[in-house]
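Data file: run35.tsv. Format and content: TSV, C-alpha atoms.
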```tsv
chain	number	residue	atom	x	y	z
A	1	MET	CA	9.90	120.53	64.42
A	2	ARG	CA	8.74	117.80	62.07
A	3	VAL	CA	8.03	114.37	63.58
A	4	SER	CA	8.94	111.44	61.34
A	5	SER	CA	6.26	108.93	60.40
A	6	VAL	CA	8.11	106.20	62.34
A	7	SER	CA	8.24	108.34	65.48
A	8	ALA	CA	4.60	109.18	65.13
A	9	LEU	CA	3.75	105.51	64.83
A	10	VAL	CA	5.73	104.69	67.98
A	11	ILE	CA	4.00	107.44	69.93
A	12	PHE	CA	0.59	106.23	68.68
A	13	VAL	CA	1.29	102.63	69.68
A	14	MET	CA	2.58	103.66	73.12
A	15	ALA	CA	-0.42	105.86	73.74
A	16	GLY	CA	-2.73	103.03	72.73
A	17	ALA	CA	-0.95	100.59	75.01
A	18	PHE	CA	-1.22	103.05	77.89
A	19	LEU	CA	-4.94	103.44	77.28
A	20	VAL	CA	-5.45	99.66	77.22
A	21	CYS	CA	-3.49	99.27	80.47
A	22	CYS	CA	-5.64	101.91	82.12
A	23	LEU	CA	-8.78	100.16	80.97
A	24	VAL	CA	-7.59	96.74	82.20
A	25	ALA	CA	-6.41	98.05	85.55
A	26	LYS	CA	-9.64	99.91	86.23
A	27	PRO	CA	-11.89	97.81	88.50
A	28	ASN	CA	-15.31	96.87	87.22
A	29	PRO	CA	-17.73	98.70	89.52
A	30	SER	CA	-20.55	96.26	88.65
A	31	GLU	CA	-18.59	93.21	89.85
A	32	ARG	CA	-19.55	93.19	93.53
A	33	VAL	CA	-18.54	89.55	93.92
A	34	SER	CA	-15.00	88.75	92.79
A	35	VAL	CA	-13.58	85.25	92.28
A	36	ILE	CA	-9.79	85.40	91.90
A	37	THR	CA	-7.75	82.27	91.15
A	38	ASN	CA	-4.18	81.69	92.30
A	39	GLU	CA	-3.31	78.12	91.35
A	40	GLN	CA	0.34	78.56	92.31
A	41	GLN	CA	-0.78	79.20	95.89
A	42	ARG	CA	-3.49	76.50	95.61
A	43	ARG	CA	-6.39	78.84	96.31
A	44	VAL	CA	-9.28	80.83	94.88
A	45	ASP	CA	-10.24	83.95	96.84
A	46	ILE	CA	-13.80	85.28	96.98
A	47	THR	CA	-14.52	88.88	97.98
A	48	ILE	CA	-17.85	90.68	98.24
A	49	ASP	CA	-18.03	94.46	98.07
A	50	GLY	CA	-14.24	94.52	98.34
A	51	GLN	CA	-14.15	92.51	101.58
A	52	PRO	CA	-12.86	88.91	101.94
A	53	PHE	CA	-15.59	86.29	102.31
A	54	THR	CA	-13.94	82.89	101.85
A	55	SER	CA	-11.37	80.95	99.83
A	56	TYR	CA	-11.45	77.60	98.07
A	57	ILE	CA	-8.14	75.99	99.05
A	58	TRP	CA	-6.39	72.66	98.48
A	59	PRO	CA	-3.22	72.77	100.61
A	60	THR	CA	-0.94	69.73	100.70
A	61	THR	CA	-1.62	69.43	104.45
A	62	LEU	CA	-5.28	68.51	103.93
A	63	LYS	CA	-6.81	65.36	102.43
A	64	LYS	CA	-9.59	67.24	100.62
A	65	PRO	CA	-10.27	70.74	99.27
A	66	VAL	CA	-12.22	73.04	101.60
A	67	LEU	CA	-13.68	76.51	101.86
A	68	TYR	CA	-11.71	78.35	104.56
A	69	PRO	CA	-12.31	80.57	106.38
A	70	LEU	CA	-15.94	81.68	106.21
A	71	ARG	CA	-16.82	85.22	107.35
A	72	THR	CA	-19.85	87.35	108.20
A	73	VAL	CA	-20.70	90.67	106.53
A	74	ARG	CA	-18.59	92.41	109.20
A	75	GLY	CA	-15.64	90.17	108.41
A	76	THR	CA	-15.98	88.06	111.56
A	77	VAL	CA	-14.60	84.55	111.01
A	78	VAL	CA	-17.09	81.81	111.94
A	79	THR	CA	-14.93	78.73	111.18
A	80	ARG	CA	-12.41	77.20	113.56
A	81	GLY	CA	-8.74	77.83	112.79
A	82	TYR	CA	-7.25	74.43	113.66
A	83	PRO	CA	-5.62	72.57	111.95
A	84	LEU	CA	-4.73	75.35	109.47
A	85	GLU	CA	-4.22	78.08	112.07
A	86	GLN	CA	-3.70	78.02	115.81
A	87	ARG	CA	-5.97	80.41	117.71
A	88	PRO	CA	-5.95	80.94	121.49
A	89	GLY	CA	-8.79	79.18	123.31
A	90	GLU	CA	-9.93	77.01	120.40
A	91	ARG	CA	-10.20	73.23	120.46
A	92	VAL	CA	-7.54	71.11	118.78
A	93	ASP	CA	-9.46	67.83	118.39
A	94	HIS	CA	-10.49	66.17	115.11
A	95	PRO	CA	-7.73	67.45	112.80
A	96	HIS	CA	-9.82	66.46	109.78
A	97	HIS	CA	-12.40	69.15	110.65
A	98	ALA	CA	-11.14	72.07	108.54
A	99	GLY	CA	-13.32	74.84	107.14
A	100	LEU	CA	-16.32	73.64	105.10
A	101	TRP	CA	-15.93	70.25	103.39
A	102	PHE	CA	-17.79	67.44	101.57
A	103	THR	CA	-16.67	63.86	102.33
A	104	TYR	CA	-17.98	60.57	103.69
A	105	GLU	CA	-16.84	57.97	106.19
A	106	ASP	CA	-17.40	54.79	104.17
A	107	VAL	CA	-16.96	54.70	100.39
A	108	ASN	CA	-16.33	51.12	99.22
A	109	GLY	CA	-14.86	50.50	102.67
A	110	LEU	CA	-12.54	53.51	102.63
A	111	ASP	CA	-12.80	56.38	105.11
A	112	PHE	CA	-12.66	59.78	103.36
A	113	TRP	CA	-14.03	61.75	106.34
A	114	ASN	CA	-11.46	60.99	109.05
A	115	ASN	CA	-8.33	61.13	106.90
A	116	SER	CA	-5.60	63.56	108.00
A	117	ASP	CA	-1.86	63.73	108.61
A	118	ALA	CA	-2.61	62.56	112.16
A	119	ILE	CA	-3.54	59.06	110.96
A	120	LYS	CA	-1.10	56.36	112.01
A	121	PRO	CA	0.85	54.89	109.06
A	122	GLU	CA	-0.71	51.46	109.53
A	123	ASN	CA	-4.20	52.99	109.09
A	124	ALA	CA	-3.37	54.92	105.91
A	125	PRO	CA	-4.44	52.11	103.50
A	126	LYS	CA	-7.95	52.32	105.01
A	127	MET	CA	-8.26	55.99	104.06
A	128	GLY	CA	-9.37	57.82	100.93
A	129	THR	CA	-8.22	61.20	99.65
A	130	ILE	CA	-10.04	63.81	97.57
A	131	VAL	CA	-7.61	65.49	95.17
A	132	HIS	CA	-8.23	68.80	93.42
A	133	ARG	CA	-7.74	68.38	89.65
A	134	SER	CA	-8.76	71.59	87.93
A	135	ILE	CA	-10.59	74.89	88.00
A	136	VAL	CA	-13.13	74.65	85.20
A	137	SER	CA	-14.51	78.15	85.51
A	138	ALA	CA	-14.23	81.15	87.86
A	139	LYS	CA	-16.21	84.33	87.36
A	140	GLY	CA	-17.48	87.27	89.38
A	141	GLY	CA	-20.57	89.40	88.89
A	142	SER	CA	-22.85	92.08	90.24
A	143	GLN	CA	-25.15	89.61	92.03
A	144	GLN	CA	-23.03	86.49	92.50
A	145	GLY	CA	-19.71	84.83	91.90
A	146	GLU	CA	-19.34	81.29	90.54
A	147	LEU	CA	-16.64	78.65	90.74
A	148	ASP	CA	-16.59	75.24	89.07
A	149	VAL	CA	-13.98	72.68	90.07
A	150	GLU	CA	-13.14	69.05	89.32
A	151	THR	CA	-11.81	66.65	91.96
A	152	ASP	CA	-11.14	62.91	92.19
A	153	TRP	CA	-11.88	60.57	95.10
A	154	LEU	CA	-8.84	58.28	95.31
A	155	THR	CA	-8.02	55.04	97.09
A	156	PHE	CA	-4.74	54.69	99.00
A	157	ASP	CA	-3.10	53.24	95.86
A	158	LYS	CA	-4.35	56.21	93.73
A	159	LYS	CA	-7.22	54.44	91.99
A	160	VAL	CA	-10.07	56.83	91.11
A	161	LEU	CA	-13.39	55.73	92.64
A	162	LEU	CA	-15.37	58.89	91.88
A	163	ASN	CA	-15.10	61.96	89.71
A	164	GLU	CA	-16.57	65.02	91.42
A	165	HIS	CA	-17.79	68.22	89.77
A	166	THR	CA	-18.74	70.99	92.18
A	167	HIS	CA	-20.40	74.27	91.31
A	168	PHE	CA	-20.12	76.98	93.98
A	169	VAL	CA	-22.25	80.12	93.99
A	170	PHE	CA	-21.26	82.99	96.31
A	171	ARG	CA	-23.69	85.78	97.23
A	172	GLY	CA	-23.90	88.59	99.73
A	173	GLY	CA	-26.05	91.49	100.87
A	174	PRO	CA	-26.13	94.07	103.68
A	175	ASP	CA	-26.80	91.43	106.34
A	176	PHE	CA	-25.78	88.05	104.92
A	177	ARG	CA	-23.24	85.96	103.04
A	178	SER	CA	-24.09	82.64	101.36
A	179	VAL	CA	-22.60	79.67	99.52
A	180	ASP	CA	-24.44	77.20	97.31
A	181	ARG	CA	-22.56	73.94	96.88
A	182	VAL	CA	-23.87	71.76	94.05
A	183	THR	CA	-21.81	68.57	93.95
A	184	THR	CA	-22.18	65.78	91.38
A	185	LEU	CA	-20.45	62.47	92.10
A	186	ARG	CA	-19.93	60.08	89.18
A	187	ALA	CA	-18.80	56.49	89.56
A	188	ARG	CA	-16.09	55.17	87.28
A	189	ASP	CA	-15.90	51.53	86.18
A	190	GLU	CA	-17.23	49.88	89.33
A	191	LYS	CA	-20.15	50.20	91.70
A	192	VAL	CA	-19.49	52.67	94.52
A	193	SER	CA	-21.26	52.00	97.82
A	194	PHE	CA	-21.92	54.44	100.67
A	195	PRO	CA	-23.15	52.20	103.52
A	196	ASP	CA	-25.04	53.99	106.30
A	197	ALA	CA	-22.40	55.61	108.55
A	198	LYS	CA	-22.29	58.43	111.09
A	199	ASP	CA	-19.67	60.75	109.60
A	200	GLY	CA	-20.80	62.64	106.52
A	201	LEU	CA	-21.49	64.45	104.27
A	202	LEU	CA	-21.32	68.25	104.10
A	203	GLY	CA	-19.81	69.74	107.24
A	204	LEU	CA	-18.13	72.71	108.83
A	205	ARG	CA	-16.39	73.30	112.15
A	206	VAL	CA	-17.19	76.57	113.90
A	207	ILE	CA	-15.32	78.83	116.27
A	208	ARG	CA	-15.52	78.43	120.03
A	209	ALA	CA	-18.17	81.15	120.58
A	210	LEU	CA	-20.73	79.24	118.49
A	211	GLU	CA	-20.31	75.96	120.37
A	212	ILE	CA	-22.90	74.86	122.92
A	213	PRO	CA	-21.56	75.43	126.47
A	214	SER	CA	-20.31	72.13	127.91
A	215	ASP	CA	-19.43	71.22	131.49
A	216	LYS	CA	-17.68	67.90	130.86
A	217	PRO	CA	-15.22	66.28	128.45
A	218	GLU	CA	-16.57	63.96	125.75
A	219	VAL	CA	-15.15	61.00	123.85
A	220	TYR	CA	-16.33	60.34	120.27
A	221	THR	CA	-15.53	57.13	118.39
A	222	ASP	CA	-15.54	56.65	114.63
A	223	ALA	CA	-16.61	53.54	112.73
A	224	SER	CA	-13.13	51.99	113.07
A	225	GLY	CA	-13.12	52.37	116.83
A	226	ARG	CA	-10.71	55.33	116.94
A	227	ALA	CA	-11.60	57.49	119.93
A	228	THR	CA	-11.16	61.26	120.07
A	229	THR	CA	-11.48	63.15	123.34
A	230	VAL	CA	-13.10	66.59	123.29
A	231	ALA	CA	-11.91	68.40	126.40
A	232	LYS	CA	-13.94	70.58	128.79
A	233	LEU	CA	-12.95	74.21	128.25
A	234	ASP	CA	-13.77	77.61	129.75
A	235	ASN	CA	-17.29	78.54	128.62
A	236	THR	CA	-16.78	82.32	128.72
A	237	GLY	CA	-18.42	83.79	125.61
A	238	VAL	CA	-19.66	80.38	124.43
A	239	ASN	CA	-23.37	80.67	123.57
A	240	GLY	CA	-24.24	78.70	120.44
A	241	THR	CA	-27.42	76.69	120.01
A	242	TYR	CA	-29.06	74.65	117.25
A	243	LEU	CA	-32.63	74.88	116.00
A	244	THR	CA	-34.08	72.64	113.28
A	245	SER	CA	-37.11	73.09	111.03
A	246	GLU	CA	-38.84	70.50	113.19
A	247	GLY	CA	-38.27	72.49	116.40
A	248	LYS	CA	-35.40	70.41	117.82
A	249	LYS	CA	-33.13	72.61	119.92
A	250	GLY	CA	-29.57	72.48	121.22
A	251	ASP	CA	-28.02	69.03	121.60
A	252	ALA	CA	-31.42	67.48	120.80
A	253	ALA	CA	-30.94	68.45	117.14
A	254	TRP	CA	-28.31	65.75	116.67
A	255	GLY	CA	-29.53	62.66	114.83
A	256	THR	CA	-32.90	64.17	113.84
A	257	ARG	CA	-34.31	65.04	110.44
A	258	GLY	CA	-35.10	68.48	109.11
A	259	ARG	CA	-35.18	70.58	105.94
A	260	TRP	CA	-32.95	73.21	107.57
A	261	CYS	CA	-30.98	73.76	110.73
A	262	ASN	CA	-29.68	76.95	112.38
A	263	LEU	CA	-26.65	77.44	114.58
A	264	SER	CA	-27.09	80.79	116.34
A	265	GLY	CA	-25.11	82.80	118.87
A	266	ARG	CA	-23.19	85.97	119.45
A	267	ILE	CA	-19.56	86.45	118.48
A	268	GLY	CA	-18.58	89.38	120.64
A	269	ASP	CA	-21.30	91.97	119.99
A	270	GLU	CA	-22.34	90.50	116.63
A	271	PRO	CA	-25.42	88.25	116.43
A	272	VAL	CA	-24.79	85.40	113.97
A	273	THR	CA	-26.84	82.55	112.53
A	274	ILE	CA	-25.39	79.88	110.25
A	275	THR	CA	-28.18	78.12	108.35
A	276	ILE	CA	-27.72	74.97	106.28
A	277	LEU	CA	-30.55	74.23	103.85
A	278	ASP	CA	-31.51	70.90	102.27
A	279	ARG	CA	-33.60	70.36	99.11
A	280	PRO	CA	-36.38	67.84	98.37
A	281	GLU	CA	-34.55	66.23	95.41
A	282	ASN	CA	-31.37	65.55	97.42
A	283	PRO	CA	-30.72	61.91	98.28
A	284	GLY	CA	-32.00	61.10	101.76
A	285	PHE	CA	-34.18	64.23	102.12
A	286	PRO	CA	-34.94	65.49	104.70
A	287	THR	CA	-31.39	65.07	105.92
A	288	TYR	CA	-30.28	63.93	109.34
A	289	TRP	CA	-28.31	66.55	111.27
A	290	HIS	CA	-24.87	65.50	112.49
A	291	ALA	CA	-24.77	68.61	114.68
A	292	ARG	CA	-22.55	68.36	117.76
A	293	GLY	CA	-22.31	70.80	120.62
A	294	TYR	CA	-18.52	71.02	120.30
A	295	GLY	CA	-18.85	72.83	116.96
A	296	LEU	CA	-19.32	70.20	114.24
A	297	PHE	CA	-22.26	71.26	112.07
A	298	ALA	CA	-22.99	68.73	109.31
A	299	VAL	CA	-25.73	67.24	107.15
A	300	ASN	CA	-25.66	63.48	106.71
A	301	PRO	CA	-28.49	62.16	104.54
A	302	LEU	CA	-26.69	58.82	104.04
A	303	GLY	CA	-26.40	57.67	107.68
A	304	GLN	CA	-30.01	56.73	108.27
A	305	LYS	CA	-29.43	53.41	110.03
A	306	VAL	CA	-27.13	55.07	112.57
A	307	PHE	CA	-29.38	58.02	113.38
A	308	SER	CA	-32.66	56.04	113.44
A	309	ASN	CA	-31.25	53.26	115.66
A	310	GLY	CA	-31.81	50.75	112.87
A	311	LYS	CA	-35.41	51.72	112.07
A	312	GLU	CA	-34.40	53.08	108.66
A	313	GLU	CA	-31.67	52.11	106.22
A	314	LEU	CA	-30.56	53.68	102.95
A	315	ASN	CA	-27.28	52.05	101.80
A	316	PHE	CA	-26.84	54.54	99.00
A	317	SER	CA	-24.81	53.44	95.97
A	318	LEU	CA	-23.88	54.41	92.43
A	319	ALA	CA	-23.79	51.89	89.59
A	320	PRO	CA	-20.81	52.16	87.22
A	321	HIS	CA	-20.88	55.36	85.13
A	322	THR	CA	-23.91	56.79	86.96
A	323	SER	CA	-24.05	59.95	89.05
A	324	ALA	CA	-25.91	61.70	91.86
A	325	THR	CA	-26.13	65.40	92.67
A	326	PHE	CA	-26.30	66.98	96.13
A	327	ARG	CA	-27.38	70.63	96.46
A	328	TYR	CA	-26.94	72.57	99.71
A	329	ARG	CA	-26.94	76.24	100.69
A	330	ILE	CA	-25.08	77.74	103.66
A	331	VAL	CA	-26.25	81.20	104.78
A	332	ILE	CA	-24.34	83.29	107.33
A	333	SER	CA	-26.68	85.98	108.70
A	334	SER	CA	-25.72	88.87	110.95
A	335	ALA	CA	-28.85	88.27	113.07
A	336	ILE	CA	-30.46	85.63	115.26
A	337	LEU	CA	-32.90	84.16	112.75
A	338	SER	CA	-36.46	83.23	113.66
A	339	PRO	CA	-38.01	79.97	112.43
A	340	GLU	CA	-40.13	82.01	110.02
A	341	ALA	CA	-37.07	83.74	108.52
A	342	SER	CA	-35.29	80.40	108.21
A	343	GLU	CA	-38.27	78.85	106.46
A	344	ALA	CA	-38.27	81.77	104.02
A	345	LEU	CA	-34.60	81.04	103.25
A	346	TYR	CA	-35.52	77.41	102.61
A	347	LYS	CA	-38.33	78.34	100.21
A	348	ASP	CA	-36.01	80.71	98.34
A	349	PHE	CA	-33.41	77.96	97.97
A	350	VAL	CA	-35.99	75.49	96.68
A	351	ALA	CA	-37.10	78.07	94.10
A	352	THR	CA	-33.53	78.73	92.92
A	353	TYR	CA	-32.90	75.47	91.03
A	354	HIS	CA	-35.46	73.68	88.85
```

What would the structure in this file look like if it were written as structure tokens?
Amino acid sequence: MRVSSVSALVIFVMAGAFLVCCLVAKPNPSERVSVITNEQQRRVDITIDGQPFTSYIWPTTLKKPVLYPLRTVRGTVVTRGYPLEQRPGERVDHPHHAGLWFTYEDVNGLDFWNNSDAIKPENAPKMGTIVHRSIVSAKGGSQQGELDVETDWLTFDKKVLLNEHTHFVFRGGPDFRSVDRVTTLRARDEKVSFPDAKDGLLGLRVIRALEIPSDKPEVYTDASGRATTVAKLDNTGVNGTYLTSEGKKGDAAWGTRGRWCNLSGRIGDEPVTITILDRPENPGFPTYWHARGYGLFAVNPLGQKVFSNGKEELNFSLAPHTSATFRYRIVISSAILSPEASEALYKDFVATYH
């Protein structure tokens, strides 16, 4: 049977299309770290070796974008669920503590840290909001995945105080996961001041197991006098502890300086250490650790007057159209890290960017 030239052409085109589809659908075996965007669902999902690691999300229920949740190599979640998810036995205080975030308590008099849907309407004009604007770039790779995003820091009446560009780098190996967050803040047409305050700058809220055991309720007050009670809970399985580069342990780590800080403990049968690493060129280095026993683990290089009891003062600011860059690395190890191992992580981070 003779096939017409038109029929032959159709068959050729269809065969070619099928081949292209097969090639596109076939996963790239060299791309160990995948960065998949889904702007309709307001998220970017990061997987390593085919397993979920974290997601960059900007839900309408939060006042800033966050990474949530964060997981170990085994897939164990290390971040608290509330306010995004309710989990049995977890604390439900501080609704602005979601995932891993970057904000500050006092920016030209506006509070970006404590803003949430729980704020009373009369306090809303005192709050700032960080709004996701765009995904600049998202790419995976054999060694790392990268994500670049643009956000704006807005006043209550939608005036832009700061443009933010953040570059995330995601890595993973047989016994660790890590995130580099390189954030550049640029002032617009006016000076932007960051007076020394307690609540800042890069922070995450961890699950109950990594808290420090507590035998009494606590009350914490922000700069505006708003008090939040942190209840006493059952301490079963709660075994976290802090250790800084300067040897400060447990609750004594809070309000002290250091180039790195560990939060270690066991989640079930898995040993875990979360390490946050500072860098010498960051403003306020070495940072103060805003590390609370109830699970808030944060670096605050800008709150020097608060943490030093007035002995030091920074009062960081940006002149119009100038910028500053903050570089931090968060490492989640499936081990209880020694000071020597933590110092090696710090030296590696310092060597990464020049």

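The shell of residues at most 8 Å from segment 40-46 of chain A, with all atoms listed in the file counted and near chain neighbours (fewer than 4 positions) removed, consists of A:Val33, A:Ser34, A:Val35, A:Ile36, A:Pro52, A:Phe53, A:Thr54, A:Ser55, A:Tyr56, A:Ile57, A:Trp58, A:Pro59, A:Gly145, A:Phe170.
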
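Between atom CA of Lys159 of chain A and atom CA of Thr60 of chain A there is a distance of 18.7 Å.
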
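Between Val92 of chain A and the residues A:Val230, A:Leu110, A:Ala319, A:Leu162, the shortest atom-to-atom distance, using all atoms listed in the file, involves A:Val230.
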
For Asn300 of chain A, the closest of A:Gln86, A:Ser193, A:Ser333, A:Thr103 counting all atoms listed in the file is A:Thr103

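Atom pair atom CA of Phe168 of chain A / atom CA of Thr275 of chain A: separated by 16.5 Å.
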
Give me, as a list in words, all polymer residues having an atom no more than 8 Å from Pro280 of chain A, counting all atoms listed in the file and skipping those fewer than 3 positions away in the same chain. Phe285, Pro286 and Val350 of chain A

Would you output that residue set with C-alpha atoms, as an mmCIF file, in the coordinates of the input?
```cif
data_model
loop_
_atom_site.group_PDB
_atom_site.id
_atom_site.type_symbol
_atom_site.label_atom_id
_atom_site.label_comp_id
_atom_site.auth_asym_id
_atom_site.auth_seq_id
_atom_site.Cartn_x
_atom_site.Cartn_y
_atom_site.Cartn_z
ATOM 1 C CA PHE A 285 -34.180 64.230 102.120
ATOM 2 C CA PRO A 286 -34.940 65.490 104.700
ATOM 3 C CA VAL A 350 -35.990 75.490 96.680
#
```

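Note that the spacing between atom CA of Asp278 of chain A and atom CA of Trp260 of chain A amounts to 6.0 Å.
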